[in-house]
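Q: Got target.cif for you, mmCIF, C-alpha atoms and all ligand atoms:
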data_data
#
loop_
_atom_site.label_atom_id
_atom_site.label_comp_id
_atom_site.auth_asym_id
_atom_site.auth_seq_id
_atom_site.Cartn_x
_atom_site.Cartn_y
_atom_site.Cartn_z
CA MET A 1 0.00 0.00 0.00
CA ALA A 2 1.35 3.44 -0.93
CA GLU A 3 2.37 5.46 2.11
CA GLU A 4 0.10 8.38 2.85
CA ILE A 5 1.85 11.73 2.63
CA PHE A 6 0.49 14.91 4.18
CA VAL A 7 1.87 18.32 3.26
CA SER A 8 0.78 21.30 5.33
CA PRO A 9 -1.16 23.95 3.37
CA ARG A 10 0.61 27.07 2.14
CA LYS A 11 -1.93 29.74 2.94
CA HIS A 12 -3.00 32.53 5.22
CA GLY A 13 -4.48 30.35 7.93
CA ARG A 14 -6.73 30.51 10.94
CA ILE A 15 -5.57 29.20 14.28
CA ALA A 16 -7.53 28.14 17.35
CA VAL A 17 -5.54 28.01 20.59
CA LEU A 18 -6.62 25.76 23.46
CA LEU A 19 -5.13 26.57 26.86
CA SER A 20 -5.72 26.01 30.56
CA GLY A 21 -3.15 28.22 32.28
CA ARG A 22 -0.53 30.93 32.01
CA GLY A 23 -0.54 31.06 28.22
CA SER A 24 3.06 32.09 27.58
CA ASN A 25 3.30 29.83 24.51
CA PHE A 26 0.04 31.27 23.20
CA MET A 27 1.50 34.78 23.62
CA LYS A 28 4.63 33.87 21.68
CA ILE A 29 2.52 32.44 18.86
CA HIS A 30 0.39 35.58 18.86
CA ASP A 31 3.51 37.80 18.86
CA ALA A 32 4.74 35.91 15.80
CA VAL A 33 1.36 36.39 14.11
CA LEU A 34 1.48 40.12 14.84
CA ASP A 35 4.98 40.62 13.50
CA GLY A 36 4.32 38.56 10.37
CA ARG A 37 6.48 35.52 11.14
CA ILE A 38 3.34 33.37 11.09
CA ASP A 39 1.05 33.83 8.10
CA ALA A 40 -2.19 33.34 9.98
CA GLU A 41 -4.59 34.89 12.42
CA ILE A 42 -5.85 33.61 15.73
CA GLY A 43 -9.61 33.18 15.38
CA LEU A 44 -10.27 31.66 18.79
CA VAL A 45 -8.67 31.19 22.18
CA PHE A 46 -10.52 28.49 24.06
CA SER A 47 -10.17 27.41 27.67
CA ASN A 48 -11.64 24.86 30.04
CA LYS A 49 -10.63 27.15 32.94
CA GLU A 50 -12.55 30.37 33.43
CA ASP A 51 -9.72 32.01 35.36
CA ALA A 52 -6.85 30.93 33.10
CA PRO A 53 -4.44 33.87 32.90
CA GLY A 54 -3.93 33.08 29.20
CA LEU A 55 -7.63 33.63 28.54
CA ARG A 56 -7.46 37.03 30.21
CA THR A 57 -4.44 37.98 28.12
CA ALA A 58 -6.25 36.89 24.96
CA ARG A 59 -9.17 39.17 25.83
CA GLU A 60 -6.80 42.05 26.57
CA ARG A 61 -5.23 41.47 23.18
CA GLY A 62 -8.64 41.76 21.54
CA LEU A 63 -8.93 38.12 20.53
CA GLU A 64 -12.13 36.13 20.55
CA THR A 65 -12.30 33.86 23.58
CA VAL A 66 -14.59 31.04 24.65
CA PHE A 67 -14.76 29.31 28.01
CA LEU A 68 -16.84 26.16 28.39
CA ASN A 69 -17.40 24.85 31.88
CA PRO A 70 -16.56 21.11 31.89
CA LYS A 71 -18.70 20.65 35.01
CA LEU A 72 -21.79 21.51 32.96
CA THR A 73 -20.83 18.91 30.34
CA PRO A 74 -19.29 15.99 32.23
CA ASP A 75 -19.50 13.69 29.21
CA LYS A 76 -16.04 14.03 27.59
CA GLU A 77 -17.26 13.22 24.07
CA GLU A 78 -20.00 15.82 24.31
CA TYR A 79 -17.62 18.41 25.75
CA ASP A 80 -15.18 17.88 22.89
CA ARG A 81 -18.05 18.05 20.37
CA GLU A 82 -18.84 21.49 21.75
CA ILE A 83 -15.22 22.58 21.30
CA VAL A 84 -15.20 21.21 17.76
CA ARG A 85 -18.32 23.28 17.00
CA GLU A 86 -16.57 26.44 18.23
CA VAL A 87 -13.41 25.59 16.31
CA ARG A 88 -15.25 24.82 13.06
CA LYS A 89 -17.45 27.91 13.33
CA ARG A 90 -14.30 29.99 12.89
CA GLY A 91 -12.94 28.15 9.86
CA THR A 92 -9.95 26.88 11.81
CA ASP A 93 -7.04 25.38 9.86
CA LEU A 94 -4.79 24.54 12.79
CA ILE A 95 -5.42 23.94 16.48
CA CYS A 96 -2.54 24.78 18.82
CA LEU A 97 -2.59 23.19 22.24
CA ALA A 98 -0.69 25.52 24.54
CA GLY A 99 -0.78 24.11 28.03
CA TYR A 100 -4.25 22.62 27.53
CA MET A 101 -4.57 20.25 30.46
CA LYS A 102 -7.38 18.00 29.23
CA VAL A 103 -6.74 14.98 27.04
CA LEU A 104 -8.63 15.29 23.76
CA THR A 105 -10.95 12.41 22.93
CA PRO A 106 -9.94 10.07 20.08
CA THR A 107 -12.94 11.35 18.08
CA PHE A 108 -11.61 14.90 18.33
CA CYS A 109 -8.05 13.88 17.39
CA SER A 110 -9.04 11.81 14.39
CA GLN A 111 -11.21 14.61 12.96
CA PHE A 112 -8.20 16.92 12.86
CA LYS A 113 -5.38 14.62 11.76
CA ASN A 114 -2.20 16.66 11.11
CA ARG A 115 -4.11 19.77 12.16
CA ILE A 116 -3.45 19.78 15.92
CA MET A 117 -0.07 20.69 17.39
CA ASN A 118 1.14 20.45 20.95
CA ILE A 119 4.22 21.56 22.86
CA HIS A 120 5.64 19.21 25.46
CA PRO A 121 8.42 20.15 27.93
CA ALA A 122 10.62 17.07 27.36
CA LEU A 123 12.40 15.33 24.51
CA LEU A 124 9.71 12.87 23.44
CA PRO A 125 9.35 9.93 23.40
CA SER A 126 11.16 10.26 26.76
CA PHE A 127 9.02 11.51 29.60
CA PRO A 128 5.46 11.76 28.29
CA GLY A 129 2.78 12.87 30.74
CA LEU A 130 2.95 15.37 33.59
CA HIS A 131 5.71 16.79 35.86
CA VAL A 132 8.23 15.79 33.24
CA GLN A 133 10.93 18.26 34.27
CA GLN A 134 11.08 16.61 37.70
CA LYS A 135 11.05 13.17 36.06
CA ALA A 136 14.01 14.16 33.85
CA ILE A 137 15.95 15.33 36.93
CA ASP A 138 15.08 12.18 38.88
CA TRP A 139 16.16 9.97 35.98
CA GLY A 140 19.53 11.71 35.85
CA VAL A 141 19.45 12.64 32.17
CA LYS A 142 22.12 15.13 31.11
CA PHE A 143 19.92 16.80 28.52
CA SER A 144 16.23 17.49 28.32
CA GLY A 145 14.28 19.94 26.22
CA CYS A 146 11.00 20.37 24.43
CA THR A 147 9.08 18.90 21.53
CA VAL A 148 6.48 20.30 19.16
CA HIS A 149 4.48 17.44 17.70
CA PHE A 150 1.27 16.70 15.88
CA VAL A 151 -1.39 15.31 18.15
CA ALA A 152 -2.40 11.71 17.62
CA VAL A 153 -4.78 9.57 19.64
CA GLU A 154 -1.99 8.19 21.82
CA VAL A 155 -1.10 11.00 24.24
CA ASP A 156 2.25 12.79 23.55
CA MET A 157 3.12 10.28 20.81
CA GLY A 158 2.23 12.03 17.53
CA PRO A 159 4.81 12.80 14.79
CA ILE A 160 7.60 15.09 15.99
CA ILE A 161 7.96 18.42 14.18
CA LEU A 162 10.73 20.26 16.06
CA GLN A 163 12.78 19.67 19.19
CA ALA A 164 15.27 21.73 21.18
CA ALA A 165 17.66 20.41 23.83
CA VAL A 166 18.95 22.05 27.00
CA PRO A 167 21.48 20.78 29.55
CA VAL A 168 20.32 19.49 32.92
CA PHE A 169 22.58 20.67 35.74
CA ARG A 170 23.34 18.90 39.00
CA ASP A 171 21.68 21.53 41.14
CA ASP A 172 18.60 21.96 38.93
CA THR A 173 15.18 22.05 40.53
CA GLU A 174 11.95 21.43 38.66
CA GLU A 175 11.55 25.21 38.44
CA THR A 176 15.02 26.05 37.13
CA LEU A 177 14.89 23.31 34.51
CA ALA A 178 11.35 24.28 33.48
CA ALA A 179 12.46 27.89 33.02
CA ARG A 180 15.43 26.84 30.84
CA ILE A 181 13.17 24.64 28.72
CA LEU A 182 10.48 27.34 28.42
CA VAL A 183 12.94 29.69 26.70
CA GLU A 184 13.30 27.08 23.95
CA GLU A 185 9.56 26.34 23.82
CA HIS A 186 8.99 30.00 23.01
CA LYS A 187 11.29 29.67 20.00
CA ILE A 188 10.26 26.35 18.49
CA TYR A 189 6.48 26.57 18.85
CA PRO A 190 6.07 29.75 16.76
CA GLU A 191 8.67 28.35 14.35
CA ALA A 192 6.68 25.12 13.85
CA VAL A 193 3.43 27.04 13.27
CA SER A 194 5.22 29.31 10.82
CA LEU A 195 6.55 26.32 8.86
CA TYR A 196 3.05 24.83 8.81
CA PHE A 197 1.53 27.77 6.95
CA GLN A 198 4.53 28.06 4.66
CA GLY A 199 3.48 24.63 3.40
CA ARG A 200 6.79 23.16 4.52
CA LEU A 201 5.79 20.30 6.82
CA GLU A 202 5.67 16.94 5.12
CA VAL A 203 4.38 14.02 7.19
CA ARG A 204 4.99 10.37 6.25
CA GLY A 205 3.98 7.98 8.98
CA ARG A 206 5.91 9.08 12.05
CA ARG A 207 8.38 11.26 10.16
CA VAL A 208 7.98 14.99 9.61
CA ASP A 209 10.39 16.48 7.09
CA ILE A 210 10.87 20.18 6.63
CA ARG A 211 10.80 21.12 2.96
CA ASP A 212 13.25 23.72 1.67
C1 LIG A 301 4.47 24.40 28.88
O1 LIG A 301 5.57 23.97 29.64
C2 LIG A 301 4.14 23.39 27.81
O2 LIG A 301 5.25 22.71 27.35
C3 LIG A 301 3.21 22.44 28.54
O3 LIG A 301 2.46 23.26 29.39
C4 LIG A 301 3.19 24.44 29.68
C5 LIG A 301 2.31 25.59 29.30
O4 LIG A 301 2.89 26.83 29.63
N1 LIG A 301 2.41 21.71 27.60
P1 LIG A 301 2.23 28.15 29.11
O5 LIG A 301 0.78 28.13 29.60
O6 LIG A 301 2.31 28.15 27.60
O7 LIG A 301 3.00 29.27 29.72
#
Show me, as structure tokens, the structure contained in the file I just sent.
Ligand code: GRF
A:
Amino acid sequence: MAEEIFVSPRKHGRIAVLLSGRGSNFMKIHDAVLDGRIDAEIGLVFSNKEDAPGLRTARERGLETVFLNPKLTPDKEEYDREIVREVRKRGTDLICLAGYMKVLTPTFCSQFKNRIMNIHPALLPSFPGLHVQQKAIDWGVKFSGCTVHFVAVEVDMGPIILQAAVPVFRDDTEETLAARILVEEHKIYPEAVSLYFQGRLEVRGRRVDIRD
């Protein structure tokens, strides 16, 4: 069977950001949109947390925001269907997870194959999951870093787009390592989104190649 190849679209796109917290990665993506490094606009910033600082920032920046209370829709499939409705309403090309702390349902993921990105604060496939900076320290690795990847049904395991490495020092705490990694996150996430809308991401199975 011929291998399926996906090439990201070269176009002026529309992005939906999903976040649950601080939103520093969202801000860096938005900064890159504003200064023209990313050929797209942010049509929606969505959160499952009403008081997420990132949601407040999005409002202050004049972006459209939506909060949906998960307590009012405890059924995960139904909750995700509501997000999908909001995302589709705005003609979204790419969904950027930026510290979104809920796992998307398989139905959601499969509807947006190669159209959802996530940033993870470790060098995947090492250390998937949560508290990964502490896990990297506890394991004794000499380098950690961050990964931008497409989202697939299996959590933190989709095709890897970009990675950046940082050293882990003997006296690192979870906080100091997280801060060192975050500096790199802020570079590679906007870069990956930029490449996407330049039509330069080519996905074959697990591999993502960057076209010249
Ligand atoms: C980042 O460390 C990101 O890698 C992880 O969640 C954190 C979100 O930080 N997925 P922020 O909300 O973007 O500041």
Q: May I have the residues at most 6 Å from (-6.9, 10.5, 15.3) in the file's coordinates, counting only C-alpha atoms, as an mmCIF file with C-alpha atoms, in the coordinates of the input?
A:
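As a result, point-v1.cif now contains:
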data_model
loop_
_atom_site.group_PDB
_atom_site.id
_atom_site.type_symbol
_atom_site.label_atom_id
_atom_site.label_comp_id
_atom_site.auth_asym_id
_atom_site.auth_seq_id
_atom_site.Cartn_x
_atom_site.Cartn_y
_atom_site.Cartn_z
ATOM 1 C CA PRO A 106 -9.940 10.070 20.080
ATOM 2 C CA CYS A 109 -8.050 13.880 17.390
ATOM 3 C CA SER A 110 -9.040 11.810 14.390
ATOM 4 C CA LYS A 113 -5.380 14.620 11.760
ATOM 5 C CA ALA A 152 -2.400 11.710 17.620
ATOM 6 C CA VAL A 153 -4.780 9.570 19.640
#
Q: With distances taken over only C-alpha atoms and all ligand atoms, which residue among A:Tyr100, A:Phe169, A:Phe108, A:Phe6 lies nearest ligand LIG 301 (chain A)?
A: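 Looking only at the distances to ligand LIG 301 (chain A), the closest residue turns out to be A:Tyr100.
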Q: What residues have any atom no more than 6 Å from ligand LIG 301 (chain A) when counting all atoms listed in the file, and can you list them as a list of chain:residue names?
A: A:Gly21, A:Arg22, A:Gly23, A:Ser24, A:Asn25, A:Phe26, A:Ala98, A:Gly99, A:Ile119, A:His120, A:Pro121
Q: Counting only C-alpha atoms, which residues of range 53-142 of chain A sit at most 12 Å from some atom of range 198-210 of chain A, and what is each one's closest atom pair with its distance in Å to one decimal, listed by chain and rising residue number, as JSON lines?
A:
{"residue": "A:Lys113", "atom": "CA", "partner": "A:Val203", "partner_atom": "CA", "distance": 10.8}
{"residue": "A:Asn114", "atom": "CA", "partner": "A:Val203", "partner_atom": "CA", "distance": 8.1}
{"residue": "A:Arg115", "atom": "CA", "partner": "A:Leu201", "partner_atom": "CA", "distance": 11.3}
{"residue": "A:Pro125", "atom": "CA", "partner": "A:Arg206", "partner_atom": "CA", "distance": 11.9}
Q: Grab the CA of Ala16 in chain A to CA of Glu175 in chain A distance for me, in Å with one decimal place.
A: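 CA of Glu175 in chain A lies at a distance of 28.6 Å from CA of Ala16 in chain A.
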Q: State, in Å with one decimal place, the distance from CA of Lys142 in chain A to CA of Leu124 in chain A.
A: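 Between CA of Lys142 in chain A and CA of Leu124 in chain A the gap is 14.8 Å.
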